[in-house]
$ cat data.cif   # mmCIF, C-alpha atoms
data_protein
loop_
_atom_site.label_atom_id
_atom_site.label_comp_id
_atom_site.auth_asym_id
_atom_site.auth_seq_id
_atom_site.Cartn_x
_atom_site.Cartn_y
_atom_site.Cartn_z
CA MET A 1 52.57 90.71 11.74
CA THR A 2 55.43 92.96 10.59
CA LYS A 3 58.38 94.20 12.60
CA GLN A 4 56.90 97.68 12.20
CA ASN A 5 53.75 96.58 14.00
CA LEU A 6 55.81 95.03 16.78
CA SER A 7 57.80 98.22 17.17
CA ASN A 8 54.64 100.28 17.38
CA ALA A 9 53.22 97.94 19.99
CA LYS A 10 56.37 98.28 22.09
CA SER A 11 56.28 102.05 21.84
CA CYS A 12 52.85 102.16 23.44
CA VAL A 13 54.21 100.78 26.72
CA ASN A 14 54.28 103.58 29.26
CA PRO A 15 57.35 103.24 31.53
CA THR A 16 55.16 104.21 34.48
CA MET A 17 52.43 101.70 33.73
CA PHE A 18 53.63 99.40 36.48
CA MET A 19 53.57 102.08 39.18
CA VAL A 20 50.77 102.19 41.73
CA GLU A 21 49.63 105.77 42.31
CA LYS A 22 48.55 105.19 45.93
CA PRO A 23 50.36 102.25 47.50
CA PRO A 24 47.97 100.19 49.60
CA PRO A 25 48.92 99.12 53.11
CA PRO A 26 51.23 96.08 53.09
CA LEU A 27 49.54 92.70 52.89
CA PRO A 28 49.89 90.43 55.92
CA PRO A 29 52.77 88.00 55.43
CA PRO A 30 51.70 84.54 54.22
CA ARG A 31 52.03 81.69 56.66
CA GLU A 32 54.16 79.80 54.21
CA SER A 33 55.82 81.00 51.03
CA TYR A 34 56.54 78.56 48.26
CA ILE A 35 59.74 78.35 46.26
CA ASN A 36 58.88 80.03 42.97
CA ASN A 37 62.35 80.53 41.61
CA ILE A 38 65.29 78.23 42.20
CA SER A 39 68.45 80.22 42.74
CA ARG A 40 71.46 80.24 40.45
CA LYS A 41 73.57 79.03 43.39
CA THR A 42 71.35 75.98 43.66
CA LEU A 43 71.84 75.21 39.99
CA VAL A 44 75.61 75.46 40.26
CA GLU A 45 76.04 73.52 43.48
CA ILE A 46 73.33 70.94 43.08
CA ASN A 47 75.74 68.24 41.90
CA GLY A 48 78.06 68.68 44.86
CA ASP A 49 75.70 69.04 47.80
CA PRO A 50 73.04 66.39 48.47
CA ARG A 51 71.29 68.76 50.89
CA ILE A 52 70.66 71.24 48.08
CA MET A 53 69.50 68.41 45.84
CA LYS A 54 67.03 67.34 48.54
CA SER A 55 65.81 70.92 48.88
CA TRP A 56 65.11 71.12 45.16
CA VAL A 57 63.31 67.76 45.09
CA ASP A 58 61.28 68.85 48.12
CA SER A 59 60.18 71.94 46.20
CA MET A 60 59.17 69.68 43.29
CA ARG A 61 57.03 67.70 45.72
CA ALA A 62 55.46 70.92 46.93
CA SER A 63 54.31 71.69 43.39
CA SER A 64 52.31 68.47 43.35
CA PRO A 65 48.76 68.65 44.71
CA THR A 66 49.25 65.19 46.23
CA HIS A 67 52.20 66.47 48.27
CA HIS A 68 50.87 69.96 48.97
CA MET A 69 51.97 71.45 52.28
CA SER A 70 48.42 72.58 53.06
CA THR A 71 48.76 71.73 56.75
CA ASN A 72 51.38 74.48 57.09
CA LEU A 73 49.07 76.97 55.41
CA TYR A 74 45.59 76.32 56.74
CA GLU A 75 45.07 73.08 58.62
CA ASP A 76 41.34 73.45 58.39
CA LYS A 77 39.95 73.70 54.87
CA THR A 78 36.83 75.35 56.28
CA SER A 79 39.03 78.13 57.64
CA TRP A 80 40.73 78.52 54.26
CA MET A 81 37.36 78.71 52.50
CA ALA A 82 36.30 81.42 54.92
CA HIS A 83 39.23 83.51 53.61
CA HIS A 84 38.73 82.45 49.97
CA PRO A 85 35.01 81.67 49.52
CA SER A 86 33.50 80.15 46.40
CA ALA A 87 33.13 82.68 43.60
CA VAL A 88 29.91 80.91 42.59
CA ASP A 89 28.40 81.14 46.06
CA MET A 90 29.50 84.77 46.40
CA PHE A 91 28.52 85.79 42.86
CA GLU A 92 26.03 88.44 43.98
CA ASP A 93 28.67 90.03 46.21
CA ILE A 94 31.17 90.11 43.34
CA ILE A 95 28.62 91.76 41.06
CA SER A 96 27.80 94.27 43.78
CA VAL A 97 31.48 95.27 44.10
CA SER A 98 31.81 95.61 40.31
CA LYS A 99 28.68 97.78 39.99
CA GLY A 100 29.20 100.67 37.58
CA LYS A 101 32.52 99.30 36.31
CA LYS A 102 33.62 97.61 33.10
CA ILE A 103 34.47 93.95 33.68
CA VAL A 104 37.52 92.59 31.83
CA MET A 105 38.18 88.84 31.96
CA PHE A 106 41.57 87.10 32.16
CA LEU A 107 41.69 83.29 32.09
CA ASP A 108 44.47 80.77 32.50
CA TYR A 109 44.10 77.66 30.33
CA ASP A 110 45.42 74.41 31.86
CA GLY A 111 43.56 73.56 35.05
CA THR A 112 41.16 76.47 34.52
CA LEU A 113 39.45 76.01 31.16
CA SER A 114 40.63 72.43 30.70
CA PRO A 115 41.41 69.68 33.21
CA ILE A 116 44.99 68.84 34.14
CA VAL A 117 45.99 65.71 32.19
CA ASP A 118 49.07 63.48 32.09
CA ASP A 119 49.87 64.37 28.47
CA PRO A 120 49.94 68.18 27.97
CA ASP A 121 49.23 67.66 24.26
CA GLN A 122 45.84 66.17 25.20
CA ALA A 123 44.61 69.07 27.37
CA PHE A 124 41.51 69.74 25.28
CA MET A 125 38.73 71.99 26.48
CA SER A 126 35.17 70.76 26.14
CA ASP A 127 32.82 72.10 23.49
CA ASP A 128 30.59 73.41 26.27
CA MET A 129 33.48 75.35 27.77
CA ARG A 130 34.43 76.77 24.37
CA GLY A 131 30.84 77.86 23.80
CA THR A 132 30.76 79.51 27.21
CA VAL A 133 34.02 81.40 26.58
CA ARG A 134 32.69 82.52 23.20
CA LYS A 135 29.59 83.99 24.87
CA LEU A 136 31.80 85.56 27.53
CA ALA A 137 33.90 87.32 24.87
CA ARG A 138 30.74 88.75 23.27
CA ASN A 139 29.93 90.49 26.54
CA PHE A 140 33.34 91.33 28.05
CA PRO A 141 36.90 91.87 26.76
CA THR A 142 38.49 88.45 27.31
CA ALA A 143 42.11 87.27 27.32
CA ILE A 144 43.74 83.87 27.74
CA VAL A 145 46.98 84.15 29.75
CA SER A 146 48.92 80.88 29.68
CA GLY A 147 52.37 79.41 30.12
CA ARG A 148 51.78 77.59 26.84
CA CYS A 149 53.10 78.76 23.52
CA ARG A 150 50.54 81.23 22.16
CA ASP A 151 49.94 79.20 18.99
CA LYS A 152 49.34 76.03 21.02
CA VAL A 153 46.82 77.58 23.35
CA TYR A 154 45.06 79.20 20.38
CA ASN A 155 44.77 75.78 18.73
CA PHE A 156 43.16 74.46 21.90
CA VAL A 157 40.73 77.36 22.33
CA GLN A 158 40.05 78.15 18.63
CA LEU A 159 38.37 81.51 19.26
CA ALA A 160 39.73 84.33 17.10
CA GLU A 161 37.94 87.10 19.02
CA LEU A 162 40.09 86.72 22.16
CA TYR A 163 43.36 88.26 23.30
CA TYR A 164 46.10 85.66 23.82
CA ALA A 165 49.15 85.96 26.06
CA GLY A 166 51.36 82.89 25.71
CA SER A 167 54.68 81.94 27.34
CA HIS A 168 53.58 83.45 30.68
CA GLY A 169 52.75 86.74 29.00
CA MET A 170 55.92 87.03 26.89
CA ASP A 171 53.98 86.59 23.64
CA ILE A 172 50.87 88.76 23.42
CA LYS A 173 48.56 89.17 20.46
CA GLY A 174 45.17 90.80 20.04
CA PRO A 175 42.12 89.35 18.26
CA SER A 176 42.79 88.08 14.76
CA LYS A 177 39.34 89.25 13.69
CA GLY A 178 37.48 92.42 14.52
CA SER A 179 36.75 93.00 18.19
CA LYS A 180 34.25 95.59 19.43
CA TYR A 181 36.64 96.29 22.31
CA SER A 182 39.55 97.34 20.08
CA LYS A 183 40.03 101.07 19.58
CA LYS A 184 39.27 102.33 16.10
CA GLY A 185 42.33 103.19 14.04
CA THR A 186 44.76 101.23 16.22
CA GLN A 187 46.97 98.46 14.93
CA ALA A 188 46.61 94.89 16.09
CA VAL A 189 48.33 94.25 19.41
CA LEU A 190 51.55 92.27 19.24
CA PHE A 191 54.11 92.39 22.01
CA GLN A 192 57.06 90.04 22.53
CA PRO A 193 59.45 91.42 25.18
CA ALA A 194 61.71 88.34 25.11
CA SER A 195 62.27 88.08 21.35
CA LYS A 196 66.08 88.16 21.61
CA PHE A 197 66.01 84.97 23.69
CA LEU A 198 64.40 82.83 20.99
CA PRO A 199 67.64 81.23 19.67
CA MET A 200 68.75 80.48 23.24
CA ILE A 201 65.41 78.86 24.10
CA VAL A 202 65.66 76.61 21.04
CA GLU A 203 69.16 75.52 22.10
CA VAL A 204 68.05 74.72 25.64
CA TYR A 205 65.03 72.81 24.38
CA LYS A 206 67.20 70.57 22.20
CA GLU A 207 69.70 69.98 25.01
CA LEU A 208 66.97 69.10 27.50
CA LEU A 209 65.45 66.64 25.04
CA ASP A 210 68.83 64.90 24.84
CA LYS A 211 69.69 65.04 28.55
CA THR A 212 66.34 63.75 29.79
CA LYS A 213 65.55 61.15 27.12
CA SER A 214 66.60 58.27 29.38
CA ILE A 215 64.14 59.27 32.13
CA GLU A 216 60.81 57.58 31.55
CA GLY A 217 57.75 59.82 31.60
CA VAL A 218 59.50 63.16 31.00
CA LYS A 219 57.82 65.52 28.54
CA VAL A 220 59.89 68.48 27.31
CA GLU A 221 57.76 71.16 25.67
CA ASN A 222 58.96 74.14 23.64
CA ASN A 223 56.65 77.02 24.51
CA LYS A 224 58.49 79.49 22.28
CA PHE A 225 59.75 81.92 24.95
CA CYS A 226 60.15 79.29 27.66
CA VAL A 227 60.78 75.55 27.94
CA SER A 228 58.60 73.34 30.13
CA VAL A 229 59.83 70.04 31.60
CA HIS A 230 56.75 68.09 32.72
CA PHE A 231 57.39 65.44 35.38
CA ARG A 232 53.78 64.46 36.13
CA CYS A 233 54.40 60.96 34.74
CA VAL A 234 57.93 60.54 36.15
CA ASP A 235 58.51 58.13 39.03
CA GLU A 236 59.21 60.21 42.14
CA LYS A 237 62.41 58.23 42.69
CA LYS A 238 63.68 59.74 39.44
CA TRP A 239 62.99 63.37 40.35
CA GLY A 240 66.50 63.84 41.75
CA GLU A 241 68.07 62.57 38.54
CA LEU A 242 65.77 64.79 36.49
CA SER A 243 66.63 67.90 38.51
CA GLN A 244 70.31 67.11 38.12
CA GLN A 245 70.05 66.83 34.32
CA VAL A 246 68.08 70.09 34.10
CA SER A 247 70.71 71.85 36.22
CA LEU A 248 73.53 70.58 34.00
CA VAL A 249 71.90 72.26 31.02
CA LEU A 250 70.77 75.45 32.71
CA LYS A 251 74.04 76.32 34.45
CA GLU A 252 75.48 77.11 31.01
CA TYR A 253 72.83 79.78 30.44
CA PRO A 254 73.08 82.57 33.07
CA LYS A 255 70.43 84.63 31.28
CA LEU A 256 67.78 82.00 31.96
CA LYS A 257 66.06 81.10 35.24
CA LEU A 258 64.17 78.11 36.56
CA CYS A 259 60.63 78.37 37.94
CA GLN A 260 58.11 75.75 39.02
CA GLY A 261 54.46 75.13 38.34
CA ARG A 262 52.17 72.17 38.91
CA LYS A 263 54.51 69.21 38.28
CA VAL A 264 56.48 71.18 35.74
CA LEU A 265 59.90 72.84 35.71
CA GLU A 266 59.98 75.94 33.52
CA ILE A 267 63.02 77.65 32.05
CA ARG A 268 62.46 81.31 31.22
CA PRO A 269 64.50 84.40 30.32
CA ILE A 270 65.58 86.57 33.23
CA ILE A 271 63.47 89.60 32.41
CA LYS A 272 61.02 91.52 34.58
CA TRP A 273 57.96 90.13 32.88
CA ASP A 274 55.27 87.76 34.09
CA LYS A 275 51.51 87.22 33.98
CA GLY A 276 50.99 90.28 36.18
CA LYS A 277 52.88 92.49 33.74
CA ALA A 278 50.92 90.92 30.87
CA LEU A 279 47.65 91.77 32.61
CA GLN A 280 48.72 95.40 32.96
CA PHE A 281 49.87 95.59 29.35
CA LEU A 282 46.54 94.23 28.11
CA LEU A 283 44.58 96.68 30.26
CA GLN A 284 46.62 99.49 28.72
CA SER A 285 46.08 98.13 25.21
CA LEU A 286 42.33 98.16 25.87
CA GLY A 287 42.53 101.76 27.05
CA TYR A 288 41.95 100.98 30.73
CA ALA A 289 45.41 101.74 32.13
CA LYS A 290 44.35 104.80 34.12
CA CYS A 291 40.65 104.06 34.46
CA ASN A 292 38.99 103.79 37.85
CA ASP A 293 35.86 102.26 36.36
CA VAL A 294 37.45 99.00 35.19
CA PHE A 295 37.07 95.72 37.08
CA PRO A 296 39.53 93.00 35.97
CA ILE A 297 38.74 89.41 37.00
CA TYR A 298 41.61 86.93 36.72
CA ILE A 299 40.98 83.17 37.09
CA GLY A 300 43.91 80.74 37.32
CA ASP A 301 45.16 77.65 39.13
CA ASP A 302 48.95 77.87 39.02
CA ARG A 303 51.74 79.55 40.99
CA THR A 304 52.51 81.69 37.98
CA ASP A 305 49.00 83.19 38.22
CA GLU A 306 49.92 84.60 41.63
CA ASP A 307 51.78 87.45 39.88
CA ALA A 308 48.47 88.56 38.36
CA PHE A 309 46.55 88.07 41.60
CA LYS A 310 49.12 90.20 43.40
CA VAL A 311 48.87 93.01 40.83
CA LEU A 312 45.09 93.19 41.24
CA ARG A 313 45.36 93.23 45.02
CA GLU A 314 47.99 95.99 44.97
CA ARG A 315 45.92 98.04 42.51
CA ARG A 316 42.86 97.57 44.73
CA GLN A 317 41.04 96.95 41.50
CA GLY A 318 39.26 93.80 40.40
CA LEU A 319 39.89 90.42 41.97
CA GLY A 320 41.63 87.09 41.56
CA ILE A 321 39.99 83.66 41.68
CA LEU A 322 42.14 80.62 42.44
CA VAL A 323 41.11 77.26 40.97
CA SER A 324 42.08 74.62 43.51
CA LYS A 325 40.61 71.73 45.50
CA THR A 326 43.24 72.11 48.22
CA PRO A 327 44.15 75.08 50.44
CA LYS A 328 47.05 77.14 49.11
CA ASP A 329 48.77 80.35 50.05
CA THR A 330 47.40 82.83 47.52
CA HIS A 331 46.78 86.50 46.73
CA ALA A 332 43.41 85.55 45.19
CA SER A 333 40.23 86.68 46.95
CA TYR A 334 37.94 83.84 45.90
CA SER A 335 38.21 80.22 44.86
CA LEU A 336 36.69 77.63 42.55
CA GLN A 337 37.24 73.88 42.81
CA GLU A 338 37.76 72.85 39.17
CA PRO A 339 37.10 73.80 35.53
CA SER A 340 33.45 72.75 35.78
CA GLU A 341 32.96 75.39 38.51
CA VAL A 342 34.84 77.92 36.37
CA MET A 343 32.33 77.32 33.59
CA LYS A 344 29.45 77.74 36.06
CA PHE A 345 30.87 81.09 37.16
CA LEU A 346 31.33 82.26 33.56
CA ILE A 347 27.77 81.24 32.72
CA LEU A 348 26.51 83.30 35.67
CA LEU A 349 28.45 86.31 34.38
CA VAL A 350 27.04 85.97 30.88
CA GLU A 351 23.48 85.57 32.18
CA TRP A 352 23.86 88.55 34.50
CA LYS A 353 25.10 90.68 31.59
CA ARG A 354 22.21 89.56 29.40
CA LEU A 355 19.65 90.49 32.05
CA SER A 356 21.39 93.81 32.68
CA LEU A 357 21.25 94.72 28.99
CA ARG A 358 17.59 93.75 28.84
CA LYS A 359 16.85 95.92 31.86
CA GLN A 360 18.78 98.84 30.36
CA SER A 361 16.90 98.44 27.09
CA LYS A 362 13.57 98.46 28.93
CA ILE A 363 14.51 101.61 30.85
CA GLN A 364 15.68 103.28 27.65
CA LYS A 365 12.37 102.44 25.97
CA GLN A 366 10.45 103.92 28.89
CA LEU A 367 12.50 107.12 28.71
CA GLU A 368 11.85 107.40 24.98
CA ASP A 369 8.12 106.96 25.55
CA ILE A 370 8.14 109.66 28.24
CA ASN A 371 10.04 112.09 25.99
CA ALA A 372 7.66 111.38 23.15
CA SER A 373 4.62 112.05 25.35
CA LEU A 374 6.07 115.35 26.53
CA LYS A 375 6.17 116.62 22.96
CA TYR A 376 2.39 116.56 22.73
#

$ encode --input "data.cif" --output "structure tokens"
Amino acid sequence: MTKQNLSNAKSCVNPTMFMVEKPPPPLPPPRESYINNISRKTLVEINGDPRIMKSWVDSMRASSPTHHMSTNLYEDKTSWMAHHPSAVDMFEDIISVSKGKKIVMFLDYDGTLSPIVDDPDQAFMSDDMRGTVRKLARNFPTAIVSGRCRDKVYNFVQLAELYYAGSHGMDIKGPSKGSKYSKKGTQAVLFQPASKFLPMIVEVYKELLDKTKSIEGVKVENNKFCVSVHFRCVDEKKWGELSQQVSLVLKEYPKLKLCQGRKVLEIRPIIKWDKGKALQFLLQSLGYAKCNDVFPIYIGDDRTDEDAFKVLRERRQGLGILVSKTPKDTHASYSLQEPSEVMKFLILLVEWKRLSLRKQSKIQKQLEDINASLKY
């Protein structure tokens, strides 16, 4: 992709694309809000104040499903499920709400299309899941929105007909082969709003590799526009030391920020861009920015997916589905337990679309027969 193409892609971003024409009433405040971003003050003072260190380690525990503060959110899982019912069980209701609208699919990767594993390099999706996503993309515009480097997630998925948004939406590219959803005469989508941070990210990646090499179980991953420090396999007693080493590196880079996911610390550029912004950009690229007849469905399992869930709720358009076995504070409307349930939901969508097309074809044939009979 040339720099010219990238420039053209940037120029198509409408400055008002992130505005909501009719602001909905404010959402009720969550019972508990998680620490998504760790403040710059924390990074600077963490070495000198054990209380701040404890606060950071506590937030790392909160990102672990085994330490999830679900009791502070919804003590009764049944109550939580009443607010976020199964998307499989409520499939007919979802279809009813989307009636007459164009469904567009957005999917996270880790924990959504593939199971969470100890080694992020081994997070392979099953052949059955790949086949299901392929069928999905034949029936609906489909995008993968991941914190992974775009090239890595593409190598996992291996479907050229999809849209890919890597690095939490900071690296977006359209289908590498013809897509029936792409507008005729338009150039391939390529958008990288954090390009100028690439050299800085490489520096931080190398420094983190060096600073954390003595901590057993740490996995530092370069995701192009962000760096991920996985601590899933690190002894919990070492989390304080790990957070200290990360802070020593990051405090030298004021243009970067620290966020947390599921047992991962993520260093990203301080720009107003996230998975929610990526969702809006992709809708615009598909020509749905100002459409009332579009119905985006976003499925994800991580804190970073909440930005997309929130956008859909504020737009009053489409819905979010959280993949989780435990109750969590979320902007999603529905839930699924694990990737196997995600695949079940996607299969239901594909089958529903197939039956709908068959029904439409039958009705069209009947209309043609009626018109033909009227001629005689």

$ resolve_selection --input "data.cif" --expression "the PyMOL selection byres ((chain A and resi 282) around 12)" --output "MDAnalysis selection string"
chainID A and resid 9 12:13 17 104:106 141:145 162:165 169:175 181:182 189:191 275:281 283:289 296 308

$ closest_residue --input "data.cif" --among "A:Arg315, A:Val264, A:Pro115, A:Leu346" --to "Gly131 in chain A" --atoms "only C-alpha atoms"
A:Leu346

$ atom_distance --input "data.cif" --atom1 "CA of Ile267 in chain A" --atom2 "CA of Asn155 in chain A"
22.7 Å

$ resolve_selection --input "data.cif" --expression "the PyMOL selection byres ((chain A and resi 101) around 10)" --output "PyMOL selection string"
chain A and resi 95+97-100+102-104+291-296+318

$ write_last_selection --input "data.cif" --atoms "C-alpha atoms" --output "PDB file, in the coordinates of the input"
ATOM      1  CA  ILE A  95      28.620  91.760  41.060  1.00  0.00           C
ATOM      2  CA  VAL A  97      31.480  95.270  44.100  1.00  0.00           C
ATOM      3  CA  SER A  98      31.810  95.610  40.310  1.00  0.00           C
ATOM      4  CA  LYS A  99      28.680  97.780  39.990  1.00  0.00           C
ATOM      5  CA  GLY A 100      29.200 100.670  37.580  1.00  0.00           C
ATOM      6  CA  LYS A 102      33.620  97.610  33.100  1.00  0.00           C
ATOM      7  CA  ILE A 103      34.470  93.950  33.680  1.00  0.00           C
ATOM      8  CA  VAL A 104      37.520  92.590  31.830  1.00  0.00           C
ATOM      9  CA  CYS A 291      40.650 104.060  34.460  1.00  0.00           C
ATOM     10  CA  ASN A 292      38.990 103.790  37.850  1.00  0.00           C
ATOM     11  CA  ASP A 293      35.860 102.260  36.360  1.00  0.00           C
ATOM     12  CA  VAL A 294      37.450  99.000  35.190  1.00  0.00           C
ATOM     13  CA  PHE A 295      37.070  95.720  37.080  1.00  0.00           C
ATOM     14  CA  PRO A 296      39.530  93.000  35.970  1.00  0.00           C
ATOM     15  CA  GLY A 318      39.260  93.800  40.400  1.00  0.00           C
TER      16      GLY A 318
END

$ resolve_selection --input "data.cif" --expression "the PyMOL selection byres ((chain A and resi 167) around 8)" --output "list of chain:residue names"
A:Ser146, A:Gly147, A:Arg148, A:Cys149, A:Arg150, A:Ala165, A:Gly166, A:His168, A:Gly169, A:Met170, A:Asp171, A:Asn223, A:Lys224, A:Phe225, A:Cys226

$ closest_residue --input "data.cif" --among "A:Asp108, A:Asp274, A:Glu161, A:Glu92" --to "Ala137 in chain A" --atoms "only C-alpha atoms"
A:Glu161
